[in-house]
>>> print(open('protein-v5.tsv').read())   # TSV, C-alpha atoms
chain	number	residue	atom	x	y	z
A	1	MET	CA	42.25	-86.17	61.62
A	2	ARG	CA	38.60	-87.21	61.61
A	3	TYR	CA	37.53	-90.86	61.55
A	4	ARG	CA	34.22	-92.55	60.80
A	5	ALA	CA	33.43	-95.56	62.95
A	6	LEU	CA	30.64	-98.14	63.22
A	7	THR	CA	29.44	-100.18	66.18
A	8	TRP	CA	26.22	-101.95	67.20
A	9	ASP	CA	23.07	-100.36	68.48
A	10	HIS	CA	22.99	-101.28	72.17
A	11	PRO	CA	24.22	-99.40	75.26
A	12	ARG	CA	26.90	-102.08	75.72
A	13	GLY	CA	28.18	-101.59	72.20
A	14	TYR	CA	27.83	-97.83	71.81
A	15	ASN	CA	27.82	-95.79	75.02
A	16	ALA	CA	31.42	-96.18	76.13
A	17	LEU	CA	32.82	-95.62	72.63
A	18	ALA	CA	30.70	-92.52	72.12
A	19	ALA	CA	31.60	-91.17	75.57
A	20	ALA	CA	35.31	-91.70	74.92
A	21	ALA	CA	35.05	-89.98	71.55
A	22	ALA	CA	33.18	-87.06	73.15
A	23	GLN	CA	36.22	-86.37	75.32
A	24	LEU	CA	38.36	-85.75	72.25
A	25	ASP	CA	38.93	-82.25	70.94
A	26	GLU	CA	40.18	-82.19	67.36
A	27	ALA	CA	42.05	-78.90	67.79
A	28	ARG	CA	43.70	-80.05	70.99
A	29	ASP	CA	44.16	-83.77	70.31
A	30	GLY	CA	44.48	-83.85	66.54
A	31	LEU	CA	41.80	-86.51	66.53
A	32	ALA	CA	38.00	-86.80	66.22
A	33	ILE	CA	35.90	-89.99	65.96
A	34	GLU	CA	32.25	-90.11	64.94
A	35	TRP	CA	30.57	-93.38	65.97
A	36	ASP	CA	27.57	-94.56	63.95
A	37	LYS	CA	25.54	-97.60	64.98
A	38	GLN	CA	23.41	-100.28	63.38
A	39	PRO	CA	21.44	-103.25	64.76
A	40	LEU	CA	23.57	-106.23	65.75
A	41	GLU	CA	21.81	-108.34	63.12
A	42	GLY	CA	23.03	-105.86	60.51
A	43	PHE	CA	26.56	-107.17	60.88
A	44	GLU	CA	25.33	-110.67	60.05
A	45	ALA	CA	23.46	-109.49	56.97
A	46	HIS	CA	25.85	-106.82	55.66
A	47	PRO	CA	29.17	-107.84	54.03
A	48	ILE	CA	32.05	-106.79	56.25
A	49	ALA	CA	34.03	-105.62	53.20
A	50	ASP	CA	31.36	-103.03	52.40
A	51	LEU	CA	31.34	-101.75	55.98
A	52	CYS	CA	35.12	-101.46	55.98
A	53	ALA	CA	34.98	-99.57	52.68
A	54	ARG	CA	32.77	-96.94	54.35
A	55	TYR	CA	34.27	-96.77	57.85
A	56	ASP	CA	37.75	-96.40	59.31
A	57	LEU	CA	36.96	-98.34	62.49
A	58	VAL	CA	34.49	-101.23	62.57
A	59	VAL	CA	33.37	-103.15	65.64
A	60	LEU	CA	33.07	-106.79	64.57
A	61	ASP	CA	32.65	-110.31	65.91
A	62	HIS	CA	35.50	-112.79	65.36
A	63	PRO	CA	33.71	-115.06	62.82
A	64	HIS	CA	33.84	-112.13	60.38
A	65	VAL	CA	37.65	-112.18	60.36
A	66	GLY	CA	38.15	-114.71	57.58
A	67	GLU	CA	35.76	-112.88	55.29
A	68	ALA	CA	37.42	-109.54	56.06
A	69	VAL	CA	40.94	-110.89	55.51
A	70	ALA	CA	39.96	-112.56	52.24
A	71	ALA	CA	38.63	-109.20	51.03
A	72	GLY	CA	41.72	-107.30	52.21
A	73	SER	CA	39.49	-105.08	54.37
A	74	LEU	CA	41.45	-104.89	57.65
A	75	GLN	CA	44.92	-103.82	58.69
A	76	PRO	CA	46.76	-106.40	60.84
A	77	LEU	CA	47.56	-105.21	64.35
A	78	GLU	CA	51.14	-106.40	63.87
A	79	SER	CA	51.64	-103.56	61.37
A	80	LEU	CA	50.41	-100.94	63.86
A	81	PHE	CA	51.47	-102.04	67.35
A	82	ARG	CA	54.73	-103.35	68.78
A	83	THR	CA	55.12	-107.07	69.36
A	84	ASP	CA	55.57	-106.56	73.11
A	85	GLU	CA	52.30	-104.59	73.24
A	86	LEU	CA	50.35	-107.43	71.64
A	87	THR	CA	52.06	-109.98	73.88
A	88	GLN	CA	51.05	-108.00	76.95
A	89	LEU	CA	47.51	-107.55	75.63
A	90	ALA	CA	47.24	-111.32	75.22
A	91	ARG	CA	48.23	-111.76	78.87
A	92	ASP	CA	45.76	-109.12	80.09
A	93	THR	CA	42.72	-110.17	78.04
A	94	ILE	CA	40.29	-112.68	79.52
A	95	GLY	CA	39.96	-116.06	77.84
A	96	PRO	CA	40.48	-116.27	74.06
A	97	SER	CA	39.03	-112.80	73.43
A	98	LEU	CA	42.21	-111.60	71.68
A	99	ALA	CA	43.19	-115.00	70.28
A	100	SER	CA	39.84	-115.19	68.50
A	101	TYR	CA	40.99	-112.39	66.19
A	102	HIS	CA	44.22	-114.24	65.30
A	103	TYR	CA	43.96	-115.63	61.78
A	104	GLN	CA	46.54	-116.52	59.15
A	105	GLY	CA	49.35	-115.62	61.52
A	106	GLN	CA	48.20	-112.12	62.51
A	107	HIS	CA	45.66	-110.33	64.74
A	108	TRP	CA	42.91	-108.31	63.07
A	109	ALA	CA	41.00	-106.57	65.88
A	110	LEU	CA	41.48	-105.24	69.41
A	111	PRO	CA	39.31	-107.05	71.99
A	112	LEU	CA	37.12	-104.23	73.23
A	113	ASP	CA	34.25	-106.28	74.67
A	114	ALA	CA	34.23	-109.81	76.13
A	115	ALA	CA	31.20	-112.08	76.23
A	116	THR	CA	30.24	-115.72	75.94
A	117	GLN	CA	27.19	-117.90	76.39
A	118	VAL	CA	26.41	-118.36	80.08
A	119	MET	CA	23.47	-119.47	82.20
A	120	ALA	CA	20.80	-116.87	83.01
A	121	LEU	CA	18.17	-117.46	85.65
A	122	ARG	CA	15.56	-115.90	87.88
A	123	ALA	CA	16.74	-116.94	91.34
A	124	ASP	CA	13.29	-116.16	92.78
A	125	LEU	CA	11.70	-118.75	90.50
A	126	LEU	CA	14.13	-121.60	91.18
A	127	ASP	CA	14.25	-123.92	94.16
A	128	GLY	CA	17.80	-124.11	95.46
A	129	SER	CA	21.11	-123.47	93.69
A	130	PRO	CA	21.49	-123.07	89.91
A	131	PRO	CA	22.01	-126.37	88.06
A	132	ALA	CA	25.66	-127.12	87.27
A	133	THR	CA	25.29	-129.92	84.70
A	134	TRP	CA	23.14	-130.56	81.67
A	135	GLY	CA	21.52	-133.46	83.51
A	136	GLU	CA	20.44	-131.09	86.26
A	137	VAL	CA	19.11	-128.61	83.70
A	138	ARG	CA	17.08	-131.34	82.07
A	139	ALA	CA	15.69	-132.44	85.45
A	140	LEU	CA	14.35	-129.00	86.36
A	141	ARG	CA	10.62	-128.77	86.82
A	142	GLN	CA	10.53	-124.99	86.36
A	143	PRO	CA	10.12	-123.54	82.83
A	144	VAL	CA	13.34	-123.53	80.80
A	145	ALA	CA	14.06	-121.73	77.51
A	146	LEU	CA	16.62	-122.56	74.85
A	147	SER	CA	18.06	-119.70	72.77
A	148	LEU	CA	17.36	-120.65	69.14
A	149	ALA	CA	16.56	-117.45	67.23
A	150	GLY	CA	18.82	-116.09	64.51
A	151	PRO	CA	22.32	-117.62	64.68
A	152	HIS	CA	21.81	-118.86	68.23
A	153	ALA	CA	20.60	-122.36	67.39
A	154	ALA	CA	24.04	-123.08	65.88
A	155	LEU	CA	25.80	-121.30	68.75
A	156	SER	CA	23.93	-123.30	71.38
A	157	PHE	CA	24.69	-126.51	69.46
A	158	GLN	CA	28.41	-125.69	69.47
A	159	SER	CA	28.37	-124.86	73.18
A	160	ILE	CA	26.74	-128.14	74.15
A	161	ALA	CA	29.12	-130.10	71.90
A	162	THR	CA	32.01	-128.36	73.66
A	163	ALA	CA	30.65	-129.40	77.06
A	164	PHE	CA	30.44	-132.97	75.71
A	165	ALA	CA	34.20	-132.79	74.87
A	166	ASP	CA	33.84	-132.36	71.10
A	167	PRO	CA	34.39	-128.66	70.25
A	168	PRO	CA	33.23	-128.37	66.62
A	169	ALA	CA	35.90	-128.55	63.91
A	170	GLU	CA	38.66	-128.38	66.51
A	171	ALA	CA	40.15	-131.88	66.47
A	172	ASN	CA	39.58	-132.15	62.73
A	173	PRO	CA	38.97	-128.92	60.78
A	174	GLU	CA	37.19	-130.92	58.07
A	175	ARG	CA	34.61	-132.39	60.48
A	176	PHE	CA	32.04	-130.20	62.20
A	177	VAL	CA	31.00	-132.63	64.94
A	178	SER	CA	31.52	-136.33	65.62
A	179	GLU	CA	28.93	-139.03	65.01
A	180	ALA	CA	29.09	-139.93	68.70
A	181	VAL	CA	28.44	-136.45	70.12
A	182	GLY	CA	26.15	-134.90	67.48
A	183	PRO	CA	23.08	-137.04	68.28
A	184	ARG	CA	23.51	-136.45	72.03
A	185	VAL	CA	23.52	-132.69	71.46
A	186	LEU	CA	20.42	-132.76	69.28
A	187	ASP	CA	18.60	-135.06	71.70
A	188	LEU	CA	19.18	-132.56	74.52
A	189	MET	CA	18.25	-129.59	72.34
A	190	ALA	CA	15.06	-131.28	71.14
A	191	ASP	CA	13.96	-131.85	74.73
A	192	LEU	CA	14.63	-128.27	75.81
A	193	ALA	CA	13.23	-126.74	72.61
A	194	ALA	CA	9.96	-128.57	73.20
A	195	ARG	CA	9.79	-127.04	76.69
A	196	THR	CA	10.60	-123.50	75.54
A	197	PRO	CA	7.60	-121.14	75.87
A	198	ALA	CA	6.30	-119.84	72.55
A	199	SER	CA	6.64	-116.30	73.91
A	200	VAL	CA	10.46	-116.41	73.66
A	201	LYS	CA	11.20	-118.82	70.80
A	202	HIS	CA	11.83	-116.04	68.30
A	203	LEU	CA	13.71	-113.65	70.59
A	204	ASN	CA	17.40	-112.80	70.35
A	205	PRO	CA	19.44	-112.77	73.61
A	206	ILE	CA	18.54	-109.15	74.38
A	207	GLY	CA	14.85	-109.85	73.87
A	208	LEU	CA	15.04	-113.09	75.84
A	209	LEU	CA	16.75	-111.47	78.83
A	210	SER	CA	14.33	-108.53	78.71
A	211	HIS	CA	11.44	-110.99	78.76
A	212	MET	CA	12.91	-112.89	81.72
A	213	ALA	CA	13.32	-109.62	83.63
A	214	ALA	CA	9.71	-108.60	83.01
A	215	ASP	CA	7.75	-111.89	83.04
A	216	ASP	CA	7.65	-115.06	85.10
A	217	ASP	CA	7.22	-117.76	82.44
A	218	VAL	CA	10.96	-118.51	82.06
A	219	ALA	CA	12.95	-119.46	85.14
A	220	LEU	CA	16.19	-120.37	83.40
A	221	CYS	CA	17.96	-120.13	80.07
A	222	PRO	CA	20.97	-122.48	80.15
A	223	LEU	CA	22.84	-120.76	77.31
A	224	VAL	CA	22.51	-117.11	76.37
A	225	TYR	CA	25.06	-114.40	75.72
A	226	GLY	CA	25.68	-112.56	78.96
A	227	TYR	CA	24.63	-108.91	79.10
A	228	VAL	CA	25.84	-107.33	82.32
A	229	ASN	CA	23.11	-104.65	82.08
A	230	TYR	CA	20.50	-107.22	83.16
A	231	ALA	CA	22.39	-108.20	86.33
A	232	ALA	CA	21.54	-104.83	87.92
A	233	PRO	CA	18.79	-103.32	85.76
A	234	GLY	CA	17.23	-99.91	86.19
A	235	ALA	CA	13.81	-101.54	85.82
A	236	GLY	CA	12.45	-105.07	86.07
A	237	ARG	CA	13.83	-107.98	88.04
A	238	ALA	CA	17.55	-108.69	88.18
A	239	ILE	CA	18.84	-111.69	86.22
A	240	THR	CA	21.36	-113.94	87.94
A	241	PHE	CA	24.18	-115.18	85.71
A	242	ALA	CA	26.22	-118.33	86.33
A	243	ASP	CA	28.71	-120.54	84.50
A	244	ALA	CA	27.39	-122.48	81.51
A	245	PRO	CA	26.36	-126.09	82.18
A	246	ARG	CA	28.90	-128.92	82.06
A	247	ALA	CA	28.45	-132.52	80.94
A	248	GLU	CA	29.42	-133.65	84.43
A	249	ALA	CA	30.47	-132.02	87.69
A	250	GLY	CA	33.95	-130.53	87.39
A	251	GLY	CA	33.93	-130.67	83.58
A	252	ARG	CA	34.38	-127.88	81.08
A	253	PRO	CA	31.53	-125.36	80.95
A	254	GLY	CA	30.41	-125.56	77.34
A	255	SER	CA	30.21	-122.11	75.80
A	256	THR	CA	30.77	-120.37	72.47
A	257	LEU	CA	32.72	-117.11	72.62
A	258	GLY	CA	31.07	-113.87	71.58
A	259	GLY	CA	32.21	-110.33	72.32
A	260	THR	CA	33.44	-107.74	69.84
A	261	GLY	CA	36.69	-106.21	68.66
A	262	ILE	CA	37.70	-102.97	66.97
A	263	GLY	CA	39.02	-103.56	63.49
A	264	ILE	CA	40.96	-100.89	61.60
A	265	SER	CA	40.00	-100.84	57.95
A	266	THR	CA	42.48	-100.53	55.11
A	267	ARG	CA	40.88	-97.23	54.13
A	268	ALA	CA	41.95	-95.64	57.45
A	269	GLU	CA	44.96	-93.35	57.54
A	270	VAL	CA	46.33	-94.43	60.90
A	271	THR	CA	48.00	-91.74	63.00
A	272	PRO	CA	49.87	-92.03	66.31
A	273	LYS	CA	46.99	-90.14	67.95
A	274	LEU	CA	44.49	-92.77	66.85
A	275	LEU	CA	46.69	-95.58	68.13
A	276	ASP	CA	47.06	-93.82	71.46
A	277	HIS	CA	43.28	-93.55	71.76
A	278	LEU	CA	42.91	-97.26	71.03
A	279	ARG	CA	45.64	-98.07	73.55
A	280	TRP	CA	43.70	-96.09	76.15
A	281	LEU	CA	40.52	-98.10	75.44
A	282	MET	CA	42.53	-101.25	76.27
A	283	SER	CA	44.14	-99.70	79.38
A	284	PRO	CA	43.39	-100.64	83.02
A	285	GLN	CA	41.77	-97.25	83.63
A	286	ALA	CA	39.37	-97.58	80.71
A	287	GLN	CA	38.65	-101.27	81.16
A	288	GLU	CA	38.22	-101.29	84.92
A	289	GLU	CA	36.56	-97.91	85.40
A	290	PHE	CA	35.42	-95.98	82.31
A	291	ILE	CA	33.89	-98.77	80.21
A	292	PRO	CA	31.92	-100.43	83.05
A	293	ALA	CA	30.66	-96.99	84.13
A	294	CYS	CA	29.39	-96.40	80.58
A	295	ASP	CA	27.38	-99.64	80.25
A	296	GLY	CA	30.21	-101.50	78.50
A	297	GLN	CA	31.45	-105.03	79.11
A	298	PRO	CA	35.27	-104.99	79.40
A	299	SER	CA	37.70	-107.56	78.03
A	300	ARG	CA	40.50	-107.10	80.55
A	301	ARG	CA	40.82	-109.97	83.05
A	302	SER	CA	41.50	-107.61	85.95
A	303	ALA	CA	38.12	-105.94	85.37
A	304	TRP	CA	36.33	-109.30	85.52
A	305	HIS	CA	37.87	-109.95	88.93
A	306	SER	CA	37.58	-106.40	90.29
A	307	ASP	CA	35.72	-106.18	93.59
A	308	LEU	CA	34.36	-102.74	92.67
A	309	VAL	CA	33.10	-103.82	89.24
A	310	ASN	CA	31.50	-106.98	90.63
A	311	ALA	CA	29.88	-105.10	93.50
A	312	ARG	CA	28.26	-102.73	91.00
A	313	TRP	CA	27.03	-105.50	88.71
A	314	GLY	CA	25.86	-108.20	91.08
A	315	GLY	CA	28.89	-110.44	90.72
A	316	PHE	CA	28.19	-110.98	87.00
A	317	TYR	CA	31.84	-111.05	85.98
A	318	ARG	CA	33.30	-113.22	88.72
A	319	ASP	CA	30.38	-115.66	88.54
A	320	THR	CA	30.93	-116.34	84.82
A	321	ALA	CA	34.70	-115.86	84.52
A	322	GLU	CA	35.51	-119.58	84.30
A	323	THR	CA	33.14	-119.99	81.39
A	324	ILE	CA	34.75	-117.26	79.31
A	325	GLU	CA	38.26	-118.41	80.19
A	326	ARG	CA	37.44	-121.81	78.65
A	327	ALA	CA	35.11	-120.68	75.86
A	328	PHE	CA	35.12	-122.26	72.41
A	329	VAL	CA	36.26	-120.10	69.48
A	330	ARG	CA	34.04	-120.47	66.44
A	331	PRO	CA	35.26	-121.21	62.90
A	332	ARG	CA	36.45	-117.98	61.27
A	333	HIS	CA	37.17	-119.01	57.68
A	334	ASP	CA	35.80	-117.02	54.76
A	335	GLY	CA	32.27	-118.42	54.61
A	336	ALA	CA	31.87	-118.96	58.37
A	337	ILE	CA	29.10	-116.38	58.75
A	338	ALA	CA	27.07	-117.85	55.88
A	339	PHE	CA	27.54	-121.33	57.38
A	340	GLN	CA	26.45	-120.12	60.82
A	341	THR	CA	23.23	-118.74	59.34
A	342	ALA	CA	22.55	-121.93	57.37
A	343	ALA	CA	23.41	-124.20	60.32
A	344	SER	CA	21.03	-122.36	62.62
A	345	ALA	CA	18.16	-122.75	60.17
A	346	LEU	CA	18.94	-126.45	59.72
A	347	ILE	CA	18.94	-127.08	63.47
A	348	ARG	CA	15.96	-124.88	64.32
A	349	ASP	CA	13.77	-126.18	61.48
A	350	GLY	CA	14.91	-129.75	62.03
A	351	LEU	CA	13.95	-129.67	65.68
A	352	GLU	CA	10.65	-127.94	64.97
A	353	GLU	CA	9.72	-130.48	62.31
A	354	GLY	CA	11.02	-133.51	64.21
A	355	ARG	CA	13.51	-134.57	61.54
A	356	PRO	CA	15.76	-137.53	62.41
A	357	HIS	CA	18.98	-136.43	64.07
A	358	ARG	CA	21.03	-138.20	61.40
A	359	VAL	CA	19.37	-136.14	58.66
A	360	ILE	CA	20.11	-132.88	60.51
A	361	LEU	CA	23.72	-133.85	61.20
A	362	ASP	CA	24.37	-134.90	57.60
A	363	ALA	CA	22.98	-131.57	56.40
A	364	LEU	CA	25.16	-129.69	58.90
A	365	GLN	CA	28.29	-131.47	57.75
A	366	SER	CA	27.42	-130.87	54.11
A	367	ALA	CA	26.84	-127.15	54.72
A	368	TYR	CA	30.06	-126.89	56.71
A	369	SER	CA	32.11	-128.63	54.01
A	370	MET	CA	30.62	-126.44	51.29
A	371	SER	CA	31.51	-123.30	53.25
A	372	ARG	CA	35.21	-124.10	53.32
A	373	THR	CA	38.02	-124.17	50.79
A	374	PRO	CA	40.14	-127.28	51.44
A	375	GLY	CA	43.24	-126.45	53.44
A	376	THR	CA	41.90	-123.20	54.91
A	377	GLU	CA	42.04	-122.41	58.61
A	378	ARG	CA	39.09	-123.14	60.83
>>> encode(input="protein-v5.tsv", output="structure tokens")
Amino acid sequence: MRYRALTWDHPRGYNALAAAAAQLDEARDGLAIEWDKQPLEGFEAHPIADLCARYDLVVLDHPHVGEAVAAGSLQPLESLFRTDELTQLARDTIGPSLASYHYQGQHWALPLDAATQVMALRADLLDGSPPATWGEVRALRQPVALSLAGPHAALSFQSIATAFADPPAEANPERFVSEAVGPRVLDLMADLAARTPASVKHLNPIGLLSHMAADDDVALCPLVYGYVNYAAPGAGRAITFADAPRAEAGGRPGSTLGGTGIGISTRAEVTPKLLDHLRWLMSPQAQEEFIPACDGQPSRRSAWHSDLVNARWGGFYRDTAETIERAFVRPRHDGAIAFQTAASALIRDGLEEGRPHRVILDALQSAYSMSRTPGTER
């Protein structure tokens, strides 16, 4: 049986999957997988239902789940794997990486890759230890950059709100952020956005980290999706990664979960051989050895605490593990991706143009309310 599959165009998203597929022999294993790739932004712009109509396996981010379920595009894991397998996977997976794919009572993707927003810094450009709180970030004299391009203005907003003890839409699914916390978040973002060098304002996390590794005009980015490849790069300076900032010492590191999962489309004819291959990708051997060796970023907790993995990658995993364990899970309702895009533009443009915080927050709430059908899950 041959399967078509789609992932994102980055060594972290492609190399391990392609290498695992290359080990398969259709005559011997009864299975072959051909992995295509597209830019990460393509998943934001391209309807997930169309991708699932063309591919058997699709690597997706959890905010796409509501849209995919509404379109009937994915097969629930509960129909393919035993209950005890999913229970064990939940125990083994770091943070909410599996839980983020749970929607309307079922799971819709296997957590292949774990990531969240963390702090990235050039240790050689900072005086002393990395800042632990947002107050300490704000007090830095060295150049600081805020990640605002694409969807990341909304993601950074949600992370800071989480640090300030108001995870968006969590206490009340109808309300995006409280009137008490929203202005505090925008005040902090406005300050840091004004200090962000023009050279990085329009860069996505990969571009921002690449810039930090090559140039000296950004000493710290307080929130950016962690890419282990930059902790021990083949070229350029190594980036040090640390837990996301907290509102106060000992508080929750505010971060918005990322990572990717493997969804199985409804067009796929699922065989036991395919399920065995997917089980292997989730196994200790693959997650602790094969995937890290192939530029991937594993989702298994044991890999994040492995001495060997951390020694190879400059302590990236252990130094950011608390942040991912406590990461915020974004809204996943049908319409969440469109809202994320709109929210980012509202925040980014509002900060750039100096709009009153109240105007930005009212527009955010309006866009959030319009994106949801009353009574739907977050």
>>> closest_residue(input="protein-v5.tsv", among="A:Ala114, A:Val137, A:Leu86, A:Val181", to="A:Ala244", atoms="all atoms listed in the file")
A:Val137
>>> residues_around(input="protein-v5.tsv", residues="stretch 91-105 of chain A", least_positions_apart="6", cutoff="6 Å", atoms="all atoms listed in the file", output="PyMOL selection string")
chain A and resi 62+111+299-301+324-325
>>> residues_around(input="protein-v5.tsv", residues="A:Gly30", least_positions_apart="4", cutoff="8 Å", atoms="only C-alpha atoms", output="PDB file with C-alpha atoms, in the frame of the given file")
ATOM      1  CA  MET A   1      42.250 -86.170  61.620  1.00  0.00           C
ATOM      2  CA  ASP A  25      38.930 -82.250  70.940  1.00  0.00           C
ATOM      3  CA  GLU A  26      40.180 -82.190  67.360  1.00  0.00           C
ATOM      4  CA  LYS A 273      46.990 -90.140  67.950  1.00  0.00           C
TER       5      LYS A 273
END
>>> residues_around(input="protein-v5.tsv", residues="A:Ala367", least_positions_apart="5", cutoff="12 Å", atoms="all atoms listed in the file", output="list in words")
Glu174, Arg175, Phe176, Gly335, Ala336, Ile337, Ala338, Phe339, Gln340, Thr341, Ala342, Ala343, Ser344, Ala345, Leu346, Ile347, Ile360, Leu361, Asp362 and Arg372 of chain A
>>> closest_residue(input="protein-v5.tsv", among="A:Ala71, A:Ala293, A:Ala109, A:Leu192", to="A:Val59", atoms="only C-alpha atoms")
A:Ala109
>>> atom_distance(input="protein-v5.tsv", atom1="atom CA of A:Ala70", atom2="atom CA of A:His333")
8.9 Å
>>> atom_distance(input="protein-v5.tsv", atom1="atom CA of A:Ala53", atom2="atom CA of A:Thr256")
29.0 Å
>>> residues_around(input="protein-v5.tsv", residues="stretch 230-243 of chain A", least_positions_apart="5", cutoff="9 Å", atoms="all atoms listed in the file", output="PyMOL selection string")
chain A and resi 117-123+130+132+209-210+212-215+253-255+312-317+319-324
>>> residues_near_point(input="protein-v5.tsv", point="(16.4, -125.5, 76.6)", cutoff="7 Å", atoms="all atoms listed in the file", output="ChimeraX atom specification")
/A:144-146,189,192-193,195-196,221-222
>>> write_last_selection(input="protein-v5.tsv", atoms="C-alpha atoms", output="CSV table (one decimal), in the coordinates of the input")
chain,number,residue,atom,x,y,z
A,144,VAL,CA,13.3,-123.5,80.8
A,145,ALA,CA,14.1,-121.7,77.5
A,146,LEU,CA,16.6,-122.6,74.8
A,189,MET,CA,18.2,-129.6,72.3
A,192,LEU,CA,14.6,-128.3,75.8
A,193,ALA,CA,13.2,-126.7,72.6
A,195,ARG,CA,9.8,-127.0,76.7
A,196,THR,CA,10.6,-123.5,75.5
A,221,CYS,CA,18.0,-120.1,80.1
A,222,PRO,CA,21.0,-122.5,80.2
>>> atom_distance(input="protein-v5.tsv", atom1="atom CA of A:Pro168", atom2="atom CA of A:His64")
17.4 Å
>>> residues_around(input="protein-v5.tsv", residues="stretch 278-280 of chain A", least_positions_apart="4", cutoff="12 Å", atoms="all atoms listed in the file", output="MDAnalysis selection string")
chainID A and resid 17 20:21 31 33 57 77 80:82 85:86 88:89 109:112 261:264 270:274 284:291
>>> closest_residue(input="protein-v5.tsv", among="A:Asp276, A:Trp304, A:Leu186, A:Ala90", to="A:Pro356", atoms="all atoms listed in the file")
A:Leu186
>>> closest_residue(input="protein-v5.tsv", among="A:Arg318, A:Glu170, A:Ser79, A:Pro292", to="A:His305", atoms="all atoms listed in the file")
A:Arg318
>>> axis_aligned_box(input="protein-v5.tsv", around="stretch 115-119 of chain A", padding_each_side="4 Å", output="lines of an AutoDock Vina configuration file")
center_x = 27.3
center_y = -115.8
center_z = 79.1
size_x = 15.7
size_y = 15.4
size_z = 14.3
>>> closest_residue(input="protein-v5.tsv", among="A:Trp35, A:Trp8, A:Phe164, A:Phe328", to="A:Arg246", atoms="all atoms listed in the file")
A:Phe164
>>> closest_residue(input="protein-v5.tsv", among="A:Thr133, A:Pro331, A:Glu41, A:Arg12", to="A:Asn172", atoms="all atoms listed in the file")
A:Pro331
